[in-house]
>>> print(open('model15.txt').read())   # compact mmCIF, C-alpha atoms
# COMPACT_ATOMS: atom_id res chain seq x y z
CA MET A 1 41.66 6.57 -3.86
CA GLY A 2 38.91 4.77 -1.94
CA ILE A 3 35.13 5.25 -1.89
CA SER A 4 32.88 4.84 1.15
CA GLY A 5 29.38 3.44 0.70
CA LEU A 6 26.95 5.12 3.10
CA VAL A 7 23.40 3.82 3.64
CA ILE A 8 20.72 4.81 6.15
CA THR A 9 18.38 1.97 7.09
CA PHE A 10 15.31 0.96 9.04
CA ASN A 11 13.87 -2.55 8.65
CA GLU A 12 15.63 -3.23 5.34
CA GLU A 13 16.41 -6.95 5.72
CA LYS A 14 14.91 -7.58 2.28
CA ASN A 15 17.37 -5.28 0.52
CA ILE A 16 20.42 -4.66 2.67
CA GLY A 17 22.41 -7.76 1.71
CA LYS A 18 22.04 -7.09 -2.02
CA CYS A 19 22.73 -3.41 -1.43
CA ILE A 20 26.02 -4.05 0.37
CA ASP A 21 27.13 -6.61 -2.23
CA ALA A 22 26.49 -4.07 -4.97
CA LEU A 23 28.28 -1.25 -3.14
CA LEU A 24 31.37 -3.37 -2.57
CA LYS A 25 31.84 -3.61 -6.34
CA VAL A 26 33.01 0.02 -6.27
CA CYS A 27 33.57 0.81 -2.57
CA ASN A 28 36.25 -0.39 -0.17
CA GLU A 29 34.00 0.04 2.88
CA VAL A 30 30.28 0.30 3.66
CA ILE A 31 28.89 2.32 6.58
CA ILE A 32 25.31 1.63 7.71
CA VAL A 33 23.48 4.16 9.88
CA ASP A 34 20.55 2.18 11.26
CA SER A 35 17.55 3.59 13.11
CA PHE A 36 17.22 0.62 15.51
CA SER A 37 15.67 -1.81 13.03
CA LYS A 38 13.33 -4.46 14.43
CA ASP A 39 14.25 -7.06 11.81
CA ARG A 40 17.57 -8.66 10.73
CA THR A 41 18.95 -5.56 8.97
CA VAL A 42 21.85 -5.04 11.41
CA GLU A 43 22.69 -8.74 11.60
CA ILE A 44 22.81 -9.12 7.82
CA ALA A 45 24.84 -5.91 7.40
CA LYS A 46 27.47 -7.09 9.87
CA GLU A 47 27.61 -10.52 8.22
CA LYS A 48 28.35 -8.76 4.93
CA GLY A 49 31.23 -6.86 6.50
CA ALA A 50 29.61 -3.45 6.85
CA ILE A 51 30.27 -1.13 9.79
CA VAL A 52 26.96 -0.46 11.57
CA ILE A 53 26.23 2.72 13.51
CA GLU A 54 22.93 2.81 15.41
CA GLN A 55 21.24 6.19 15.68
CA ALA A 56 17.60 7.16 16.30
CA PHE A 57 16.22 8.73 13.12
CA LEU A 58 17.16 12.41 12.89
CA GLY A 59 15.61 13.10 9.49
CA ASP A 60 16.80 12.21 5.99
CA GLY A 61 19.58 14.79 5.70
CA PRO A 62 20.81 14.80 9.31
CA GLN A 63 20.87 10.98 9.42
CA ARG A 64 23.18 10.87 6.40
CA THR A 65 25.34 13.65 7.82
CA HIS A 66 25.66 11.67 11.06
CA GLY A 67 27.34 8.86 9.13
CA LEU A 68 29.96 10.98 7.35
CA PRO A 69 32.57 11.09 10.18
CA TYR A 70 32.63 7.28 10.17
CA CYS A 71 33.60 7.21 6.48
CA LYS A 72 37.37 7.05 6.07
CA ASN A 73 37.28 8.17 2.43
CA ASP A 74 36.44 11.58 1.00
CA TRP A 75 34.33 10.19 -1.85
CA ILE A 76 30.91 9.00 -0.67
CA LEU A 77 28.42 6.81 -2.55
CA ASN A 78 25.26 7.47 -0.56
CA LEU A 79 22.54 5.13 -1.83
CA ASP A 80 19.30 4.06 -0.18
CA ALA A 81 18.97 0.36 0.64
CA ASP A 82 16.62 -0.17 -2.32
CA GLU A 83 18.91 1.62 -4.80
CA PHE A 84 21.62 0.00 -6.93
CA LEU A 85 24.07 1.29 -9.50
CA ASP A 86 23.19 0.36 -13.06
CA LYS A 87 26.04 -1.04 -15.16
CA ASP A 88 26.77 2.34 -16.77
CA ALA A 89 27.09 4.12 -13.40
CA GLU A 90 29.20 1.30 -12.00
CA GLN A 91 31.58 1.52 -14.95
CA TYR A 92 31.70 5.32 -14.71
CA ILE A 93 32.98 5.06 -11.15
CA LEU A 94 35.35 2.13 -11.79
CA ASP A 95 36.89 4.06 -14.69
CA LYS A 96 37.43 7.00 -12.27
CA LYS A 97 35.78 9.42 -14.67
CA TYR A 98 34.57 11.41 -11.68
CA LEU A 99 38.16 12.62 -11.24
CA GLU A 100 38.04 14.37 -14.63
CA GLY A 101 37.34 18.04 -13.93
CA ASN A 102 36.91 19.91 -10.69
CA TYR A 103 33.53 18.44 -9.64
CA ASP A 104 32.58 17.54 -6.08
CA ALA A 105 29.15 15.95 -6.67
CA PHE A 106 27.52 13.91 -9.41
CA SER A 107 23.85 13.68 -10.28
CA PHE A 108 22.82 10.37 -11.82
CA ARG A 109 19.54 9.53 -13.55
CA VAL A 110 17.19 7.31 -11.55
CA LYS A 111 15.10 4.51 -13.01
CA ASN A 112 12.14 3.96 -10.65
CA PHE A 113 10.48 0.55 -10.65
CA LEU A 114 7.06 -0.65 -9.47
CA GLY A 115 7.85 -4.31 -8.94
CA ASN A 116 9.87 -5.04 -12.09
CA LYS A 117 8.07 -2.46 -14.22
CA LEU A 118 9.99 0.70 -15.10
CA ILE A 119 7.97 3.86 -14.46
CA ASP A 120 9.32 6.10 -17.22
CA PHE A 121 6.31 8.40 -17.40
CA SER A 122 4.42 10.96 -15.26
CA GLY A 123 7.68 12.80 -14.59
CA TRP A 124 9.34 9.83 -12.89
CA TYR A 125 12.12 9.58 -15.49
CA PRO A 126 14.65 10.98 -15.71
CA ASP A 127 14.57 11.62 -11.97
CA HIS A 128 18.00 13.07 -11.15
CA LYS A 129 19.59 12.50 -7.74
CA VAL A 130 23.00 13.36 -6.33
CA ARG A 131 24.19 10.19 -4.64
CA PHE A 132 27.95 10.50 -5.22
CA PHE A 133 29.94 13.36 -3.70
CA ASN A 134 33.14 14.48 -2.00
CA LYS A 135 32.51 15.15 1.68
CA GLN A 136 35.30 17.75 1.84
CA THR A 137 33.28 20.30 -0.15
CA ALA A 138 29.77 18.80 -0.50
CA ARG A 139 27.32 17.61 2.14
CA PRO A 140 23.69 16.55 2.68
CA SER A 141 21.25 19.32 3.48
CA ASP A 142 19.45 19.48 6.84
CA SER A 143 16.08 18.61 5.26
CA ILE A 144 13.99 16.08 7.15
CA VAL A 145 12.70 14.54 3.93
CA HIS A 146 14.07 14.37 0.38
CA GLN A 147 17.33 16.05 1.27
CA LYS A 148 19.61 17.41 -1.41
CA ILE A 149 23.37 17.56 -1.57
CA ILE A 150 24.76 21.05 -1.04
CA THR A 151 27.58 21.25 -3.56
CA GLN A 152 29.96 23.83 -5.02
CA ASN A 153 30.32 22.21 -8.44
CA GLU A 154 27.83 19.53 -9.47
CA LYS A 155 27.84 17.57 -12.71
CA LYS A 156 24.89 15.75 -14.28
CA VAL A 157 25.89 12.43 -15.81
CA ALA A 158 23.73 10.31 -18.11
CA VAL A 159 24.28 7.10 -16.12
CA HIS A 160 21.73 5.39 -13.93
CA ILE A 161 20.66 4.32 -10.47
CA LEU A 162 18.06 1.54 -10.26
CA HIS A 163 15.43 2.20 -7.58
CA TYR A 164 13.27 -0.78 -6.58
CA GLY A 165 11.21 1.12 -4.05
CA TRP A 166 7.78 -0.49 -4.22
CA ASP A 167 6.12 -3.82 -4.93
CA SER A 168 2.60 -2.40 -5.14
CA LEU A 169 0.59 0.80 -5.50
CA ASP A 170 -0.39 0.40 -1.85
CA GLN A 171 3.25 0.80 -0.84
CA ILE A 172 3.65 3.95 -2.96
CA ILE A 173 0.53 5.49 -1.42
CA ALA A 174 1.64 4.63 2.13
CA LYS A 175 5.11 6.10 1.54
CA LYS A 176 3.74 9.23 -0.13
CA ASN A 177 1.35 9.71 2.79
CA GLN A 178 4.25 9.42 5.23
CA TYR A 179 6.35 11.85 3.21
CA SER A 180 3.46 14.32 2.98
CA GLY A 181 3.39 14.58 6.78
CA TRP A 182 7.15 15.14 6.95
CA HIS A 183 7.00 17.72 4.18
CA ALA A 184 4.14 19.56 5.86
CA GLN A 185 6.00 19.74 9.17
CA GLN A 186 9.17 20.90 7.42
CA LEU A 187 7.31 23.67 5.55
CA PHE A 188 5.56 24.73 8.76
CA ASP A 189 8.86 24.90 10.65
CA GLN A 190 10.28 27.03 7.83
CA GLY A 191 7.44 29.54 8.30
CA LYS A 192 5.48 28.60 5.16
CA ARG A 193 1.83 29.70 5.39
CA ILE A 194 -0.96 28.98 2.88
CA ASN A 195 -4.66 29.64 2.27
CA ALA A 196 -7.47 27.09 2.05
CA PHE A 197 -7.30 26.89 -1.75
CA LYS A 198 -3.67 25.73 -1.86
CA PRO A 199 -4.23 21.96 -1.31
CA VAL A 200 -6.88 21.68 -4.04
CA LEU A 201 -4.99 23.90 -6.47
CA ASN A 202 -1.69 22.05 -6.09
CA GLY A 203 -3.33 18.65 -6.21
CA THR A 204 -5.09 19.56 -9.45
CA VAL A 205 -1.97 21.03 -11.04
CA ALA A 206 0.05 17.94 -10.08
CA PHE A 207 -2.48 15.65 -11.76
CA VAL A 208 -2.66 17.70 -14.96
CA ARG A 209 1.12 17.93 -15.19
CA CYS A 210 1.73 14.22 -14.60
CA TYR A 211 -1.15 12.84 -16.64
CA PHE A 212 -1.18 15.16 -19.64
CA PHE A 213 2.19 16.93 -19.87
CA LYS A 214 4.37 14.08 -18.53
CA LYS A 215 2.76 11.39 -20.74
CA GLY A 216 0.84 9.48 -18.09
CA ILE A 217 -2.13 9.48 -20.46
CA PHE A 218 -0.22 7.20 -22.86
CA ASN A 219 0.44 4.54 -20.22
CA GLY A 220 -3.01 3.16 -19.50
CA ILE A 221 -4.15 2.45 -15.95
CA ASP A 222 -0.59 2.74 -14.63
CA GLY A 223 -0.27 6.25 -16.01
CA LEU A 224 -3.59 7.26 -14.48
CA SER A 225 -2.73 5.65 -11.13
CA ILE A 226 0.68 7.34 -10.85
CA ALA A 227 -0.79 10.73 -11.79
CA MET A 228 -3.48 10.33 -9.12
CA ILE A 229 -0.88 9.32 -6.53
CA GLN A 230 1.21 12.41 -7.33
CA SER A 231 -1.94 14.51 -7.03
CA PHE A 232 -2.74 12.86 -3.69
CA PHE A 233 0.76 13.58 -2.38
CA SER A 234 0.64 17.24 -3.38
CA TYR A 235 -2.86 17.67 -1.94
CA MET A 236 -2.08 15.94 1.37
CA LYS A 237 1.17 17.84 1.88
CA TYR A 238 -0.65 21.17 1.85
CA ALA A 239 -3.77 19.85 3.58
CA LYS A 240 -1.61 18.74 6.50
CA LEU A 241 0.23 22.06 6.49
CA LEU A 242 -3.12 23.86 6.63
CA LYS A 243 -4.15 21.67 9.55
CA LEU A 244 -0.94 22.57 11.43
CA GLN A 245 -1.67 26.25 10.82
CA LYS A 246 -5.21 25.99 12.15
CA GLU A 247 -4.15 24.03 15.22
CA THR A 248 -1.53 26.66 16.04
CA GLU A 249 -4.00 29.52 15.54
CA SER A 250 -6.56 27.74 17.72
CA LYS A 251 -4.04 27.39 20.55
CA ARG A 252 -3.16 31.06 20.30
CA ASN A 253 -6.83 32.11 20.46
CA HIS A 254 -7.33 30.08 23.59
>>> encode(input="model15.txt", output="structure tokens")
Amino acid sequence: MGISGLVITFNEEKNIGKCIDALLKVCNEVIIVDSFSKDRTVEIAKEKGAIVIEQAFLGDGPQRTHGLPYCKNDWILNLDADEFLDKDAEQYILDKKYLEGNYDAFSFRVKNFLGNKLIDFSGWYPDHKVRFFNKQTARPSDSIVHQKIITQNEKKVAVHILHYGWDSLDQIIAKKNQYSGWHAQQLFDQGKRINAFKPVLNGTVAFVRCYFFKKGIFNGIDGLSIAMIQSFFSYMKYAKLLKLQKETESKRNH
């Protein structure tokens, strides 16, 4: 029984070679859905033997769904280009333990790294993600950002994915700012409406939760920085949603 590796990419020349090499330890094919990268992502992927499908970015969930018909296997390992299986997850799949029981999706724990430093505080560990599923009965959601796998029978497994997403705090802030815009638009399209107090309230709650209740306070400047970034993300998400509301109301009034 084969496994298809599925990765969506845009300008991932730094990671894609290592990503494909790692996937091929447990997969018998790798499918790349690339959003017309401007760097050597596609070239490197093809050199590594991956099948590359080019598609303008449709959103996180839809982009992954677009790649499913190109996967010849039912079981899909759908990692991001900066994610790698830890040894325990790799062994779990090689031992075919996922075939024990009637499960169609598996949630692994994620270890998030800032550079080479593990962020295991402020609610960032354990960060569970479903990255391994059977496409016959499970599928990515239609969410534009931070999609989830819609599954009939999910199992949480105490094995790990390694996520090397950022080299600096600047990168985290930039990515969170980008995500906040996507989240705001998604909430607006879903009909979510808020009052003017929502951005401040949620930003404050996010900081208190991450810094005090999720042990950021015990991790020095890093703990404070991550808590403030989480607060920033929560605040900006709702601030941008509020801005979309006001712009729409202004157009209606005119």
>>> residues_around(input="model15.txt", residues="Trp166 (chain A)", least_positions_apart="4", cutoff="7 Å", atoms="all atoms listed in the file", output="list in words")
Leu114, Gly115, Gln171 and Ile172 of chain A
>>> write_last_selection(input="model15.txt", atoms="C-alpha atoms", output="compact mmCIF listing (two decimals), in the coordinates of the input")
# COMPACT_ATOMS: atom_id res chain seq x y z
CA LEU A 114 7.06 -0.65 -9.47
CA GLY A 115 7.85 -4.31 -8.94
CA GLN A 171 3.25 0.80 -0.84
CA ILE A 172 3.65 3.95 -2.96
>>> residues_around(input="model15.txt", residues="Phe121 (chain A)", least_positions_apart="3", cutoff="9 Å", atoms="all atoms listed in the file", output="number ranges by chain")
A: 118, 124-126, 210-211, 214-216, 218-219, 223, 226
>>> write_last_selection(input="model15.txt", atoms="C-alpha atoms", output="compact mmCIF listing (two decimals), in the coordinates of the input")
# COMPACT_ATOMS: atom_id res chain seq x y z
CA LEU A 118 9.99 0.70 -15.10
CA TRP A 124 9.34 9.83 -12.89
CA TYR A 125 12.12 9.58 -15.49
CA PRO A 126 14.65 10.98 -15.71
CA CYS A 210 1.73 14.22 -14.60
CA TYR A 211 -1.15 12.84 -16.64
CA LYS A 214 4.37 14.08 -18.53
CA LYS A 215 2.76 11.39 -20.74
CA GLY A 216 0.84 9.48 -18.09
CA PHE A 218 -0.22 7.20 -22.86
CA ASN A 219 0.44 4.54 -20.22
CA GLY A 223 -0.27 6.25 -16.01
CA ILE A 226 0.68 7.34 -10.85
>>> atom_distance(input="model15.txt", atom1="CA of Arg193 (chain A)", atom2="CA of Lys243 (chain A)")
10.8 Å
>>> closest_residue(input="model15.txt", among="A:Lys156, A:Lys135, A:His146, A:Lys240", to="Phe108 (chain A)", atoms="only C-alpha atoms")
A:Lys156
>>> residues_around(input="model15.txt", residues="region 3-13 of chain A", least_positions_apart="3", cutoff="9 Å", atoms="all atoms listed in the file", output="VMD selection string")
chain A and resid 16 to 17 19 to 20 23 to 24 26 to 45 57 60 63 to 64 67 to 68 71 to 82
>>> residues_around(input="model15.txt", residues="region 184-191 of chain A", least_positions_apart="6", cutoff="8 Å", atoms="all atoms listed in the file", output="number ranges by chain")
A: 143-144, 237-238, 240-241, 244-245
>>> axis_aligned_box(input="model15.txt", around="region 200-211 of chain A", padding_each_side="4 Å", output="JSON")
{"center_x": -2.6, "center_y": 18.4, "center_z": -10.3, "size_x": 16.6, "size_y": 19.1, "size_z": 20.6}
>>> build_atoms(input="model15.txt", residues="region 10-21 of chain A", atoms="all heavy atoms", output="mmCIF file, in the coordinates of the input")
data_model
loop_
_atom_site.group_PDB
_atom_site.id
_atom_site.type_symbol
_atom_site.label_atom_id
_atom_site.label_comp_id
_atom_site.auth_asym_id
_atom_site.auth_seq_id
_atom_site.Cartn_x
_atom_site.Cartn_y
_atom_site.Cartn_z
ATOM 1 N N PHE A 10 16.261 1.349 8.000
ATOM 2 C CA PHE A 10 15.310 0.960 9.040
ATOM 3 C C PHE A 10 14.480 -0.183 8.478
ATOM 4 O O PHE A 10 13.757 -0.021 7.488
ATOM 5 C CB PHE A 10 14.407 2.123 9.458
ATOM 6 C CG PHE A 10 13.397 1.728 10.508
ATOM 7 C CD1 PHE A 10 13.807 1.436 11.808
ATOM 8 C CD2 PHE A 10 12.048 1.605 10.195
ATOM 9 C CE1 PHE A 10 12.894 1.049 12.775
ATOM 10 C CE2 PHE A 10 11.127 1.222 11.152
ATOM 11 C CZ PHE A 10 11.545 0.942 12.452
ATOM 12 N N ASN A 11 14.612 -1.348 9.075
ATOM 13 C CA ASN A 11 13.870 -2.550 8.650
ATOM 14 C C ASN A 11 14.057 -2.825 7.150
ATOM 15 O O ASN A 11 13.101 -2.885 6.384
ATOM 16 C CB ASN A 11 12.384 -2.410 8.993
ATOM 17 C CG ASN A 11 12.135 -2.459 10.490
ATOM 18 O OD1 ASN A 11 13.012 -2.829 11.269
ATOM 19 N ND2 ASN A 11 10.938 -2.072 10.899
ATOM 20 N N GLU A 12 15.309 -3.018 6.752
ATOM 21 C CA GLU A 12 15.630 -3.230 5.340
ATOM 22 C C GLU A 12 16.238 -4.618 5.100
ATOM 23 O O GLU A 12 17.086 -4.791 4.218
ATOM 24 C CB GLU A 12 16.608 -2.159 4.857
ATOM 25 C CG GLU A 12 16.018 -0.777 4.722
ATOM 26 C CD GLU A 12 15.109 -0.639 3.507
ATOM 27 O OE1 GLU A 12 15.005 -1.605 2.717
ATOM 28 O OE2 GLU A 12 14.497 0.439 3.359
ATOM 29 N N GLU A 13 15.820 -5.610 5.873
ATOM 30 C CA GLU A 13 16.410 -6.950 5.720
ATOM 31 C C GLU A 13 16.209 -7.522 4.320
ATOM 32 O O GLU A 13 17.010 -8.334 3.850
ATOM 33 C CB GLU A 13 15.843 -7.907 6.773
ATOM 34 C CG GLU A 13 14.373 -8.225 6.616
ATOM 35 C CD GLU A 13 13.873 -9.246 7.641
ATOM 36 O OE1 GLU A 13 14.652 -9.598 8.546
ATOM 37 O OE2 GLU A 13 12.700 -9.668 7.535
ATOM 38 N N LYS A 14 15.177 -7.090 3.639
ATOM 39 C CA LYS A 14 14.910 -7.580 2.280
ATOM 40 C C LYS A 14 15.978 -7.109 1.300
ATOM 41 O O LYS A 14 16.332 -7.838 0.369
ATOM 42 C CB LYS A 14 13.524 -7.095 1.825
ATOM 43 C CG LYS A 14 13.198 -7.415 0.378
ATOM 44 C CD LYS A 14 11.864 -6.813 -0.027
ATOM 45 C CE LYS A 14 11.607 -7.000 -1.522
ATOM 46 N NZ LYS A 14 10.346 -6.355 -1.963
ATOM 47 N N ASN A 15 16.489 -5.893 1.511
ATOM 48 C CA ASN A 15 17.370 -5.280 0.520
ATOM 49 C C ASN A 15 18.835 -5.161 0.928
ATOM 50 O O ASN A 15 19.714 -5.081 0.064
ATOM 51 C CB ASN A 15 16.868 -3.860 0.188
ATOM 52 C CG ASN A 15 15.503 -3.845 -0.442
ATOM 53 O OD1 ASN A 15 15.251 -4.552 -1.409
ATOM 54 N ND2 ASN A 15 14.607 -3.020 0.092
ATOM 55 N N ILE A 16 19.109 -5.116 2.237
ATOM 56 C CA ILE A 16 20.420 -4.660 2.670
ATOM 57 C C ILE A 16 21.567 -5.557 2.212
ATOM 58 O O ILE A 16 22.666 -5.071 1.883
ATOM 59 C CB ILE A 16 20.457 -4.464 4.216
ATOM 60 C CG1 ILE A 16 21.697 -3.648 4.619
ATOM 61 C CG2 ILE A 16 20.389 -5.797 4.931
ATOM 62 C CD1 ILE A 16 21.778 -2.279 4.000
ATOM 63 N N GLY A 17 21.359 -6.865 2.164
ATOM 64 C CA GLY A 17 22.410 -7.760 1.710
ATOM 65 C C GLY A 17 22.800 -7.490 0.266
ATOM 66 O O GLY A 17 23.985 -7.363 -0.069
ATOM 67 N N LYS A 18 21.793 -7.379 -0.610
ATOM 68 C CA LYS A 18 22.040 -7.090 -2.020
ATOM 69 C C LYS A 18 22.660 -5.706 -2.186
ATOM 70 O O LYS A 18 23.532 -5.499 -3.044
ATOM 71 C CB LYS A 18 20.741 -7.178 -2.811
ATOM 72 C CG LYS A 18 20.133 -8.569 -2.885
ATOM 73 C CD LYS A 18 18.843 -8.577 -3.678
ATOM 74 C CE LYS A 18 17.727 -7.808 -2.966
ATOM 75 N NZ LYS A 18 16.442 -7.869 -3.696
ATOM 76 N N CYS A 19 22.211 -4.772 -1.364
ATOM 77 C CA CYS A 19 22.730 -3.410 -1.430
ATOM 78 C C CYS A 19 24.220 -3.375 -1.111
ATOM 79 O O CYS A 19 25.009 -2.757 -1.836
ATOM 80 C CB CYS A 19 21.954 -2.524 -0.452
ATOM 81 S SG CYS A 19 22.543 -0.820 -0.348
ATOM 82 N N ILE A 20 24.615 -4.036 -0.038
ATOM 83 C CA ILE A 20 26.020 -4.050 0.370
ATOM 84 C C ILE A 20 26.882 -4.760 -0.676
ATOM 85 O O ILE A 20 27.970 -4.294 -1.039
ATOM 86 C CB ILE A 20 26.178 -4.695 1.751
ATOM 87 C CG1 ILE A 20 25.520 -3.809 2.816
ATOM 88 C CG2 ILE A 20 27.656 -4.920 2.083
ATOM 89 C CD1 ILE A 20 25.428 -4.450 4.178
ATOM 90 N N ASP A 21 26.391 -5.890 -1.186
ATOM 91 C CA ASP A 21 27.130 -6.610 -2.230
ATOM 92 C C ASP A 21 27.376 -5.714 -3.437
ATOM 93 O O ASP A 21 28.474 -5.714 -4.014
ATOM 94 C CB ASP A 21 26.352 -7.861 -2.673
ATOM 95 C CG ASP A 21 26.380 -8.968 -1.633
ATOM 96 O OD1 ASP A 21 27.249 -8.926 -0.740
ATOM 97 O OD2 ASP A 21 25.530 -9.884 -1.722
#
